[in-house]
Each structure stands twice: as structure tokens, then as C-alpha cells.
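Participant: I'm passing along run_32.cif; it holds mmCIF, C-alpha atoms.
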```
data_entry
loop_
_atom_site.label_atom_id
_atom_site.label_comp_id
_atom_site.auth_asym_id
_atom_site.auth_seq_id
_atom_site.Cartn_x
_atom_site.Cartn_y
_atom_site.Cartn_z
CA MET S 1 32.22 -6.16 1.43
CA THR S 2 28.46 -5.84 1.06
CA LEU S 3 26.01 -8.63 0.30
CA LYS S 4 25.44 -6.94 -3.07
CA GLU S 5 29.13 -7.32 -3.89
CA VAL S 6 29.00 -10.99 -2.86
CA LYS S 7 26.06 -11.40 -5.23
CA GLU S 8 27.91 -9.74 -8.12
CA ILE S 9 31.24 -11.47 -7.60
CA LEU S 10 29.63 -14.91 -7.52
CA ASN S 11 26.90 -14.18 -10.03
CA ALA S 12 24.51 -15.31 -7.32
CA GLU S 13 20.74 -15.15 -7.35
CA VAL S 14 18.93 -13.52 -4.48
CA ILE S 15 16.31 -15.94 -3.15
CA SER S 16 14.94 -13.58 -0.52
CA GLY S 17 15.96 -10.41 1.27
CA ASP S 18 16.43 -8.14 -1.79
CA HIS S 19 16.17 -5.01 0.32
CA ASP S 20 18.98 -6.12 2.65
CA LEU S 21 21.72 -6.29 0.02
CA ASN S 22 23.53 -3.29 1.45
CA LYS S 23 24.33 -5.27 4.58
CA GLU S 24 28.04 -5.19 5.32
CA ILE S 25 29.67 -8.61 5.55
CA LYS S 26 32.61 -8.63 7.95
CA CYS S 27 33.55 -12.24 7.51
CA ALA S 28 32.33 -15.64 6.39
CA PHE S 29 32.03 -19.18 7.66
CA ALA S 30 31.57 -22.25 5.47
CA ALA S 31 30.08 -25.50 6.74
CA GLU S 32 27.93 -28.44 5.81
CA LEU S 33 27.43 -29.35 9.46
CA LEU S 34 25.02 -27.30 11.56
CA SER S 35 26.88 -28.51 14.64
CA ASP S 36 29.89 -26.60 13.33
CA VAL S 37 27.79 -23.50 12.66
CA LEU S 38 26.51 -23.50 16.23
CA ALA S 39 29.91 -24.22 17.73
CA LEU S 40 32.28 -22.16 15.60
CA ALA S 41 30.62 -19.44 13.53
CA GLN S 42 30.98 -15.96 14.94
CA GLU S 43 28.23 -13.40 15.17
CA GLY S 44 27.55 -11.44 12.00
CA ALA S 45 29.15 -13.96 9.65
CA LEU S 46 27.94 -14.84 6.17
CA LEU S 47 27.17 -18.57 6.20
CA ILE S 48 28.26 -20.47 3.08
CA THR S 49 26.64 -23.90 2.87
CA GLY S 50 24.93 -26.46 0.68
CA PHE S 51 22.52 -27.33 3.44
CA THR S 52 18.98 -26.11 2.69
CA HIS S 53 16.70 -27.56 5.41
CA SER S 54 14.87 -25.01 7.55
CA GLN S 55 17.26 -25.91 10.40
CA VAL S 56 19.97 -23.91 8.65
CA VAL S 57 17.87 -20.76 9.12
CA TYR S 58 17.12 -21.59 12.76
CA ALA S 59 20.83 -22.20 13.39
CA ALA S 60 21.85 -18.99 11.60
CA ASP S 61 19.27 -17.07 13.61
CA ALA S 62 20.37 -18.60 16.92
CA ALA S 63 23.99 -17.64 16.15
CA ASN S 64 23.06 -14.15 14.84
CA LEU S 65 24.55 -14.73 11.40
CA CYS S 66 23.84 -12.06 8.81
CA ALA S 67 22.99 -14.01 5.63
CA ILE S 68 23.12 -17.46 4.02
CA LEU S 69 24.76 -18.20 0.68
CA PHE S 70 23.91 -21.60 -0.83
CA VAL S 71 26.50 -23.19 -3.08
CA ARG S 72 26.09 -25.73 -5.94
CA SER S 73 22.87 -23.95 -7.01
CA ARG S 74 21.12 -25.35 -3.96
CA TRP S 75 17.72 -23.76 -3.45
CA PRO S 76 15.65 -24.02 -0.24
CA ASN S 77 11.97 -24.91 -0.30
CA GLU S 78 9.18 -22.37 0.23
CA ALA S 79 8.91 -23.05 3.98
CA THR S 80 12.61 -22.37 4.51
CA GLN S 81 12.37 -19.19 2.41
CA GLN S 82 9.41 -17.94 4.43
CA LEU S 83 11.24 -18.64 7.68
CA ALA S 84 14.26 -16.68 6.43
CA ILE S 85 12.06 -13.72 5.49
CA GLN S 86 10.49 -13.81 8.95
CA LYS S 87 13.96 -13.92 10.55
CA LYS S 88 15.27 -11.19 8.21
CA ILE S 89 18.11 -13.41 7.03
CA PRO S 90 18.79 -12.83 3.31
CA LEU S 91 19.26 -15.99 1.19
CA LEU S 92 21.43 -16.21 -1.93
CA SER S 93 22.37 -19.04 -4.24
CA THR S 94 25.42 -19.45 -6.46
CA SER S 95 26.26 -22.16 -8.97
CA TYR S 96 29.90 -22.32 -7.82
CA MET S 97 31.07 -25.27 -5.76
CA MET S 98 31.93 -24.72 -2.09
CA PHE S 99 35.70 -24.58 -2.66
CA GLU S 100 35.48 -22.06 -5.50
CA THR S 101 32.92 -19.93 -3.68
CA CYS S 102 35.17 -19.65 -0.64
CA GLY S 103 38.28 -19.15 -2.75
CA ILE S 104 36.78 -16.35 -4.82
CA LEU S 105 35.42 -14.49 -1.80
CA TYR S 106 38.73 -14.91 0.01
CA GLU S 107 40.57 -13.52 -2.99
CA TYR S 108 38.29 -10.49 -2.89
CA GLY S 109 39.30 -9.89 0.69
CA LEU S 110 36.54 -11.53 2.71
CA LYS S 111 38.07 -13.17 5.78
CA THR S 112 37.17 -16.05 8.03
CA CYS S 113 35.03 -15.69 11.12
CA ALA S 114 35.82 -19.07 12.59
CA LEU S 115 38.05 -19.48 15.58
CA LYS S 116 40.92 -21.88 15.22
CA VAL S 117 40.21 -25.30 16.61
CA GLU S 118 43.08 -26.61 18.70
CA ASP S 119 42.46 -30.31 18.57
CA GLY S 120 40.05 -31.87 16.11
CA LYS S 121 41.10 -35.48 16.70
CA ASP S 122 38.38 -38.08 17.21
CA MET Z 1 23.94 -24.61 41.00
CA GLU Z 2 25.94 -21.89 42.58
CA ARG Z 3 23.07 -19.84 43.90
CA THR Z 4 19.42 -20.66 44.36
CA ASP Z 5 17.29 -18.01 42.84
CA ASN Z 6 13.66 -18.43 43.86
CA ASN Z 7 12.32 -15.24 42.39
CA ILE Z 8 11.11 -16.56 39.02
CA LEU Z 9 9.86 -13.79 36.75
CA ILE Z 10 9.05 -15.91 33.72
CA HIS Z 11 8.67 -19.67 33.49
CA LYS Z 12 7.84 -21.42 30.23
CA THR Z 13 7.80 -25.12 29.46
CA PHE Z 14 7.95 -26.65 25.98
CA HIS Z 15 7.32 -30.22 24.91
CA ILE Z 16 9.83 -31.78 22.51
CA GLU Z 17 8.90 -34.82 20.46
CA GLY Z 18 11.77 -37.24 19.88
CA GLY Z 19 12.49 -38.00 16.22
CA ASN Z 20 10.57 -34.97 14.96
CA PHE Z 21 13.41 -33.69 12.79
CA PRO Z 22 11.34 -31.31 10.62
CA ASN Z 23 10.44 -29.35 13.76
CA ALA Z 24 14.02 -29.08 15.00
CA GLY Z 25 14.86 -25.51 15.92
CA THR Z 26 11.33 -24.39 16.76
CA ILE Z 27 11.73 -24.70 20.54
CA SER Z 28 14.98 -22.73 20.70
CA ASP Z 29 13.29 -20.23 18.39
CA GLN Z 30 10.49 -19.78 20.94
CA VAL Z 31 12.99 -19.44 23.77
CA LYS Z 32 14.85 -16.81 21.75
CA LYS Z 33 11.58 -14.92 21.09
CA THR Z 34 10.72 -14.97 24.79
CA LEU Z 35 14.12 -13.52 25.71
CA LYS Z 36 13.89 -10.90 22.97
CA GLU Z 37 10.46 -9.79 24.18
CA ALA Z 38 11.83 -9.57 27.71
CA GLY Z 39 14.46 -7.17 26.38
CA PHE Z 40 17.71 -9.04 27.03
CA PRO Z 41 20.84 -7.99 25.14
CA ASN Z 42 21.72 -9.91 21.98
CA SER Z 43 24.95 -11.29 23.44
CA ILE Z 44 23.07 -13.08 26.22
CA ILE Z 45 20.26 -14.23 23.95
CA ARG Z 46 22.80 -15.70 21.52
CA ARG Z 47 24.43 -17.85 24.23
CA ILE Z 48 21.11 -19.25 25.46
CA ALA Z 49 19.73 -19.69 21.91
CA ILE Z 50 22.77 -21.73 20.85
CA ALA Z 51 22.78 -23.86 24.01
CA THR Z 52 19.03 -24.42 23.75
CA PHE Z 53 19.29 -25.38 20.07
CA GLU Z 54 21.89 -28.02 20.95
CA ALA Z 55 19.78 -29.31 23.85
CA GLU Z 56 16.67 -29.46 21.67
CA MET Z 57 18.56 -31.42 19.00
CA ASN Z 58 19.75 -33.91 21.61
CA VAL Z 59 16.16 -34.68 22.66
CA ILE Z 60 15.02 -34.98 19.03
CA CYS Z 61 17.96 -37.25 18.17
CA TYR Z 62 18.22 -39.45 21.23
CA ALA Z 63 14.95 -39.42 23.16
CA LYS Z 64 11.31 -40.45 22.83
CA GLN Z 65 10.22 -37.15 24.26
CA GLY Z 66 11.30 -34.42 26.57
CA GLU Z 67 10.41 -31.18 28.28
CA LEU Z 68 12.43 -28.02 28.14
CA SER Z 69 11.79 -25.28 30.69
CA LEU Z 70 13.05 -21.74 30.69
CA PHE Z 71 13.31 -19.87 34.00
CA ILE Z 72 14.02 -16.16 34.03
CA THR Z 73 15.00 -14.66 37.37
CA PRO Z 74 16.48 -11.24 38.14
CA HIS Z 75 19.96 -12.81 38.24
CA SER Z 76 19.93 -15.66 35.79
CA LEU Z 77 18.54 -17.41 32.75
CA LYS Z 78 18.19 -21.10 33.39
CA VAL Z 79 17.12 -23.92 31.07
CA VAL Z 80 16.19 -27.37 32.35
CA VAL Z 81 15.71 -30.31 29.98
CA ASP Z 82 14.39 -33.71 31.04
CA ASP Z 83 13.94 -36.48 28.54
CA GLU Z 84 12.92 -40.12 28.33
CA GLY Z 85 15.24 -41.88 25.98
CA HIS Z 86 18.57 -43.53 25.35
CA GLY Z 87 20.29 -41.85 28.24
CA ILE Z 88 24.07 -41.52 28.28
CA LEU Z 89 26.28 -44.43 29.27
CA ASP Z 90 29.46 -42.45 29.91
CA ILE Z 91 29.00 -38.74 30.60
CA ASN Z 92 32.71 -37.93 30.50
CA LEU Z 93 32.96 -39.50 27.08
CA ALA Z 94 29.82 -37.67 25.89
CA MET Z 95 31.34 -34.40 27.03
CA SER Z 96 34.49 -34.84 24.96
CA GLU Z 97 34.49 -32.99 21.65
CA GLY Z 98 33.98 -35.21 18.63
CA TYR Z 99 32.45 -38.16 20.50
CA SER Z 100 29.10 -39.07 18.99
CA THR Z 101 26.67 -41.96 18.81
CA ALA Z 102 24.65 -40.32 16.04
CA ASP Z 103 23.26 -42.44 13.20
CA GLU Z 104 23.10 -41.57 9.49
CA LYS Z 105 19.72 -39.84 9.74
CA ILE Z 106 21.04 -37.40 12.33
CA ARG Z 107 24.19 -36.75 10.31
CA GLU Z 108 22.17 -36.10 7.15
CA LEU Z 109 20.53 -33.25 9.01
CA GLY Z 110 23.88 -31.71 9.72
CA PHE Z 111 24.11 -32.79 13.33
CA GLY Z 112 25.79 -35.52 15.32
CA ALA Z 113 29.32 -34.18 15.16
CA GLY Z 114 29.84 -34.70 18.88
CA MET Z 115 29.99 -30.97 19.49
CA GLY Z 116 26.63 -30.39 21.17
CA LEU Z 117 27.29 -30.93 24.87
CA PRO Z 118 30.74 -29.26 24.82
CA ASN Z 119 29.14 -26.34 23.00
CA ILE Z 120 26.43 -26.00 25.67
CA LYS Z 121 29.17 -25.90 28.29
CA LYS Z 122 31.10 -23.31 26.29
CA ASN Z 123 28.12 -20.97 25.96
CA THR Z 124 26.88 -21.09 29.55
CA ASP Z 125 28.22 -20.27 33.01
CA GLU Z 126 27.16 -23.56 34.56
CA MET Z 127 26.00 -26.87 33.27
CA ILE Z 128 24.79 -29.99 35.05
CA LEU Z 129 24.26 -33.26 33.23
CA THR Z 130 23.02 -36.49 34.77
CA SER Z 131 21.67 -39.56 33.07
CA LYS Z 132 20.31 -43.02 33.63
CA PHE Z 133 21.32 -45.23 30.74
CA LYS Z 134 18.32 -46.40 28.67
CA GLN Z 135 16.01 -44.23 30.78
CA GLY Z 136 16.72 -40.59 30.20
CA THR Z 137 18.82 -37.52 30.70
CA HIS Z 138 18.58 -34.44 32.89
CA LEU Z 139 20.37 -31.34 31.72
CA GLU Z 140 20.40 -27.87 33.14
CA PHE Z 141 22.40 -24.83 32.24
CA VAL Z 142 22.55 -21.26 33.49
CA VAL Z 143 23.73 -17.91 32.24
CA TYR Z 144 24.22 -15.43 35.09
CA LEU Z 145 23.04 -11.96 34.23
CA ASP Z 146 25.17 -10.08 36.73
CA ARG Z 147 28.32 -11.39 35.09
CA GLN Z 148 27.48 -9.44 31.98
CA GLU Z 149 28.71 -5.95 31.32
CA THR Z 150 25.75 -4.98 29.20
CA HIS Z 151 22.63 -3.28 30.48
CA LEU Z 152 19.86 -5.60 31.63
CA PRO Z 153 16.10 -5.10 31.36
CA PHE Z 154 15.45 -5.47 35.10
CA GLU Z 155 17.96 -2.91 36.26
#
```
Please re-express this file's structure in C-alpha cells.

Facilitator:
Amino acid sequence: MTLKEVKEILNAEVISGDHDLNKEIKCAFAAELLSDVLALAQEGALLITGFTHSQVVYAADAANLCAILFVRSRWPNEATQQLAIQKKIPLLSTSYMMFETCGILYEYGLKTCALKVEDGKD
Amino acid sequence: MERTDNNILIHKTFHIEGGNFPNAGTISDQVKKTLKEAGFPNSIIRRIAIATFEAEMNVICYAKQGELSLFITPHSLKVVVDDEGHGILDINLAMSEGYSTADEKIRELGFGAGMGLPNIKKNTDEMILTSKFKQGTHLEFVVYLDRQETHLPFE
């Protein structure tokens, strides 16, 4: 699936990175915790999140993720957008909630990138 | 550390200000840039960038201030972090996944899940952590270049 298809399926708006919409998305990872992104997301994943601080771009860049899709119509500020442009990480925003966003993309065949966690007990 | 490597090709030190959440990520970003410019493969850069990001967050969250140094040698990439701050009371506990002393502010920023130190260990070949409670923490981690299959810039 390409980023363009993700955009169309979810009726998403492209915040930045218009010219990178042909990027192929192998898999996706959804998280509201950057700790989880750094620990579990695999290289090349599309990150689905509601988290819009600039740290989300730094984390995505550190983990070599391919793009960020914000849910719940979340929209990052100008500084975060500029950082994403500099890092060549396309940003999209959809009005769907997290659960629906993931469900729709899964239904269209996009798979998970996360490894299974064996023991998540506190 | 397993092997002392005195031939330092690049050494950079960065200051980290504790509590400066808006700047979080900028130090690991600079480390990543340095490694990219030096021509390391993405797979190695990713491991160090993730570990450094976690280490940087720990200083911002739990210390007054700290210094992070990157050492590039022909055989290894090493990062050393020294901070003045809370310190860690029980290192074994801190190393267990899910254990965290993070407050609300840290959690609002998407951190403090108790995954940081285990994730540094996971992404590096060696990790040393020592701490004096209420004084500070010393952390170092290494990725050995000759354990990689990919082509290296110094070869």
C-alpha cells in the first residue's frame, strides 16, 4: 500500500511531504507512547498516533519510520511540521479515531510491524 | 567494556539540560547526524540513535543536567552519559521492563513507560549502568562495528 492509498482510504489531509506520497508502506505501528515507538516499532513502519509534539518526529527519525499519520484530526504546530520536512518524514492527518483508523487500514491489508511482547505485566 | 579501544577518530560531547522537555530529541538528532556524515550504515545508526534518544530522555526527565559523549573508534561506537540528578536506587529494578518512577509531566510527553533502559540494552552490544542515589547516574553503551555484516566506512 502506498501513502497515497492511505490518504485516500482514510480521507486524510497531507500536512507535509506531498511529493513523497508514492512511498510504499510495508506495515504500520500505532502508539500514543513514544517509549513504545522507540522500543517496538520496526524500521520503515507508518506511525499512527495522536501525539503531535516535535518529539514524535525525532522518535520516528531515530527509528527510521517512513511517515506519521495523526488520528482524531490532530495537527502538529509549525515547528513540528518544519522538522518533519527537514527529516523527510511525510505527515498526514485523519479525522478517524485511533481504533477505526487501524481497523480500516488492517481491513485494506496493511499489517502490523510490531513484534509480539512476551510479558507486559507491571 | 570488553576491549579498550584508544584510537578515537571522532569525539563529541553534548550538554543536556534536565527538565528541558521541548528540546528532547535534539541531542540524539545531532548524534545521528554525526554518524550519518561519517558514513555508517543505517542499521547501526538506528541502534545508536534509539539508545541515545532513550538516554537523553532519562537525563531530561530525572536529572538537573548531564553530558553525553560520543566516541567513534575503528571498532566501535560508544556513548557515555554522566548526569547529576535523582540517581537510581535499585538498578536491577530500573532495568526491568515496565518499572518507572516517571511523573505525570513525563507521561504526558509520551515517555516514562519503564522501557528506556531495557531498550538501550536491547539495541547495544554492551551496557554499563552505575548510580549513586540522589547524586547521579553513569551510563555507557557500545555497538561493536566488527560484529556487523554490513560494509563500514573505515574499511

Participant: Between S:Gly17, S:Pro76, S:Gln55, S:Gly44, which is the closest to chain Z once you count all atoms listed in the file?

Facilitator: S:Gln55

Participant: Skipping near chain neighbours, those fewer than 5 positions away, what residues fall within 9 Å of Ile44 in chain Z using all atoms listed in the file, listed as a list in words?

Facilitator: Leu35, Ala49, Val143, Leu145 and Gln148 of chain Z

Participant: Sorted by chain and rising residue number, list the residues of chain S at most 8 Å from chain Z (counting only C-alpha atoms), each with its closest atom pair and distance in Å to one decimal, as a Markdown table.

Facilitator:
```
| residue | atom | partner | partner_atom | distance |
| --- | --- | --- | --- | --- |
| S:Glu32 | CA | Z:Gly110 | CA | 6.5 |
| S:Leu33 | CA | Z:Gly110 | CA | 4.3 |
| S:Leu34 | CA | Z:Gly110 | CA | 4.9 |
| S:Ser35 | CA | Z:Phe111 | CA | 5.3 |
| S:Asp36 | CA | Z:Met115 | CA | 7.6 |
| S:Leu38 | CA | Z:Ile50 | CA | 6.2 |
| S:Ala39 | CA | Z:Asn119 | CA | 5.7 |
| S:Phe51 | CA | Z:Gly110 | CA | 7.8 |
| S:His53 | CA | Z:Leu109 | CA | 7.7 |
| S:Ser54 | CA | Z:Pro22 | CA | 7.8 |
| S:Gln55 | CA | Z:Gly25 | CA | 6.0 |
| S:Tyr58 | CA | Z:Gly25 | CA | 5.5 |
| S:Ala59 | CA | Z:Gly25 | CA | 7.3 |
| S:Ala62 | CA | Z:Ala49 | CA | 5.1 |
| S:Ala63 | CA | Z:Arg46 | CA | 5.8 |
| S:Asn64 | CA | Z:Arg46 | CA | 6.9 |
| S:Gly120 | CA | Z:Gly98 | CA | 7.4 |
| S:Lys121 | CA | Z:Gly98 | CA | 7.4 |
| S:Asp122 | CA | Z:Gly98 | CA | 5.4 |
```

Participant: Which residue gives the smallest distance to Glu100 in chain S among S:Leu69, S:Leu10, S:Cys27, S:Ala45, with all atoms listed in the file counted?

Facilitator: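 Distance minimum relative to Glu100 in chain S lands on S:Leu10.
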
Participant: Given the file shown, determine the residues that the PyMOL selection byres ((chain Z and resi 85) around 9) selects; report them as JSON, numbers by chain.

Facilitator: {"Z": [18, 59, 62, 63, 64, 65, 66, 83, 84, 86, 87, 133, 134, 135, 136, 137]}

Participant: Using all atoms listed in the file and a cutoff of 6 Å, can you tell me which residues are near (33.3, -9.8, 3.8) in the file's coordinates, and write them out as a list in words?

Facilitator: Met1, Ile25, Lys26, Cys27 and Leu110 of chain S

Participant: Measuring atom to atom with only C-alpha atoms, identify which of Z:Asn6, Z:Asn20, Z:Thr73, Z:Asn58 is nearest to Ala38 in chain Z.

Facilitator: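 Using only C-alpha atoms, the shortest distance to Ala38 in chain Z belongs to Z:Thr73.
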
Participant: What's the 8 Å shell around Val14 in chain S, counting all atoms listed in the file, without same-chain residues fewer than 6 positions away, as a list in words?

Facilitator: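 The residues that qualify are Lys7, Pro90, Leu91, Leu92 and Ser93 of chain S.
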
Participant: Applied to the shown file, which residues does the PyMOL selection byres ((chain Z and resi 13-15) around 9) return, written as a ChimeraX atom specification?

Facilitator: /Z:11-12,16-17,27,30,65-71

Participant: To one decimal in Å, tell me the separation between CA of Gly50 in chain S and CA of Glu8 in chain S.

Facilitator: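 Value for the CA of Gly50 in chain S-CA of Glu8 in chain S distance: 19.1 Å.
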
Participant: Interatomic distance between CA of Ala84 in chain S and CA of Val37 in chain S?

Facilitator: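 Separation between CA of Ala84 in chain S and CA of Val37 in chain S: 16.4 Å.
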
Participant: Do you have the CA of Met95 in chain Z-CA of Leu117 in chain Z distance handy?

Facilitator: 5.8 Å

Participant: Which residues would end up in the selection if the PyMOL selection byres ((chain S and resi 101) around 12) were applied here, given that I need the answer as an MDAnalysis selection string?

Facilitator: chainID S and resid 6:7 9:12 28:30 47:50 69:73 93:100 102:108 110

Participant: Quick one: what's the axis-aligned box for range 49-64 of chain Z, all listed atoms, 4 Å on every side, centre and edges in Å to one decimal, as lines of an AutoDock Vina configuration file?

Facilitator:
```
center_x = 17.0
center_y = -30.1
center_z = 21.1
size_x = 19.5
size_y = 28.8
size_z = 13.8
```

Participant: Extract, using only C-alpha atoms, all DNA, RNA and protein residues at most 6 Å from Leu21 in chain S, discarding same-chain residues fewer than 2 positions from it, and format them as a PyMOL selection string.

Facilitator: chain S and resi 3-4+18-19+23

Participant: Output C-alpha atoms for every residue in that selection, as an mmCIF file, in the coordinates of the input.

Facilitator:
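Printed below is selection-v8.cif as written:
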```cif
data_model
loop_
_atom_site.group_PDB
_atom_site.id
_atom_site.type_symbol
_atom_site.label_atom_id
_atom_site.label_comp_id
_atom_site.auth_asym_id
_atom_site.auth_seq_id
_atom_site.Cartn_x
_atom_site.Cartn_y
_atom_site.Cartn_z
ATOM 1 C CA LEU S 3 26.010 -8.630 0.300
ATOM 2 C CA LYS S 4 25.440 -6.940 -3.070
ATOM 3 C CA ASP S 18 16.430 -8.140 -1.790
ATOM 4 C CA HIS S 19 16.170 -5.010 0.320
ATOM 5 C CA LYS S 23 24.330 -5.270 4.580
#
```

Participant: Counting only C-alpha atoms, which of S:Ile15, S:Cys113, S:Ala41, S:Ala67 gets nearest to Thr2 in chain S?

Facilitator: S:Ala67

Participant: Provide range 8-18 of chain S rebuilt to all heavy atoms, formatted as a compact mmCIF listing (two decimals), in the coordinates of the input.

Facilitator:
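Printed below is result26.txt as written:
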```txt
# COMPACT_ATOMS: atom_id res chain seq x y z
N GLU S 8 27.32 -10.04 -6.81
CA GLU S 8 27.91 -9.74 -8.12
C GLU S 8 29.14 -10.59 -8.41
O GLU S 8 29.29 -11.14 -9.49
CB GLU S 8 28.24 -8.24 -8.20
CG GLU S 8 26.99 -7.42 -8.48
CD GLU S 8 27.13 -5.95 -8.09
OE1 GLU S 8 28.24 -5.53 -7.75
OE2 GLU S 8 26.09 -5.25 -8.13
N ILE S 9 30.00 -10.70 -7.42
CA ILE S 9 31.24 -11.47 -7.60
C ILE S 9 30.95 -12.92 -7.97
O ILE S 9 31.62 -13.52 -8.81
CB ILE S 9 32.09 -11.42 -6.29
CG1 ILE S 9 32.63 -10.01 -6.05
CG2 ILE S 9 33.23 -12.41 -6.34
CD1 ILE S 9 33.15 -9.80 -4.64
N LEU S 10 29.91 -13.49 -7.33
CA LEU S 10 29.63 -14.91 -7.52
C LEU S 10 28.50 -15.16 -8.50
O LEU S 10 28.06 -16.30 -8.68
CB LEU S 10 29.28 -15.56 -6.16
CG LEU S 10 30.41 -15.59 -5.15
CD1 LEU S 10 29.88 -15.95 -3.79
CD2 LEU S 10 31.48 -16.58 -5.59
N ASN S 11 28.02 -14.07 -9.11
CA ASN S 11 26.90 -14.18 -10.03
C ASN S 11 25.74 -14.94 -9.36
O ASN S 11 25.14 -15.85 -9.94
CB ASN S 11 27.36 -14.91 -11.29
CG ASN S 11 26.44 -14.63 -12.46
OD1 ASN S 11 25.65 -13.68 -12.40
ND2 ASN S 11 26.54 -15.44 -13.49
N ALA S 12 25.50 -14.57 -8.12
CA ALA S 12 24.51 -15.31 -7.32
C ALA S 12 23.10 -14.75 -7.53
O ALA S 12 22.93 -13.60 -7.91
CB ALA S 12 24.88 -15.21 -5.84
N GLU S 13 22.13 -15.60 -7.30
CA GLU S 13 20.74 -15.15 -7.35
C GLU S 13 20.27 -14.87 -5.93
O GLU S 13 20.61 -15.61 -5.00
CB GLU S 13 19.86 -16.24 -7.95
CG GLU S 13 19.99 -16.33 -9.46
CD GLU S 13 18.99 -17.33 -10.03
OE1 GLU S 13 17.78 -17.04 -9.98
OE2 GLU S 13 19.44 -18.39 -10.48
N VAL S 14 19.48 -13.82 -5.80
CA VAL S 14 18.93 -13.52 -4.48
C VAL S 14 17.60 -14.27 -4.34
O VAL S 14 16.68 -14.07 -5.13
CB VAL S 14 18.70 -12.00 -4.31
CG1 VAL S 14 18.14 -11.70 -2.93
CG2 VAL S 14 20.01 -11.26 -4.52
N ILE S 15 17.53 -15.15 -3.36
CA ILE S 15 16.31 -15.94 -3.15
C ILE S 15 15.31 -15.11 -2.35
O ILE S 15 14.13 -15.06 -2.67
CB ILE S 15 16.64 -17.25 -2.39
CG1 ILE S 15 17.68 -18.06 -3.17
CG2 ILE S 15 15.38 -18.06 -2.14
CD1 ILE S 15 18.30 -19.21 -2.39
N SER S 16 15.80 -14.47 -1.31
CA SER S 16 14.94 -13.58 -0.52
C SER S 16 15.83 -12.56 0.18
O SER S 16 17.02 -12.78 0.37
CB SER S 16 14.13 -14.38 0.51
OG SER S 16 15.00 -14.99 1.43
N GLY S 17 15.22 -11.44 0.55
CA GLY S 17 15.96 -10.41 1.27
C GLY S 17 16.59 -9.37 0.36
O GLY S 17 17.63 -8.79 0.70
N ASP S 18 15.97 -9.15 -0.81
CA ASP S 18 16.43 -8.14 -1.79
C ASP S 18 16.83 -6.81 -1.17
O ASP S 18 17.85 -6.23 -1.53
CB ASP S 18 15.29 -7.82 -2.77
CG ASP S 18 15.29 -8.77 -3.93
OD1 ASP S 18 16.38 -9.26 -4.25
OD2 ASP S 18 14.22 -9.01 -4.50
```
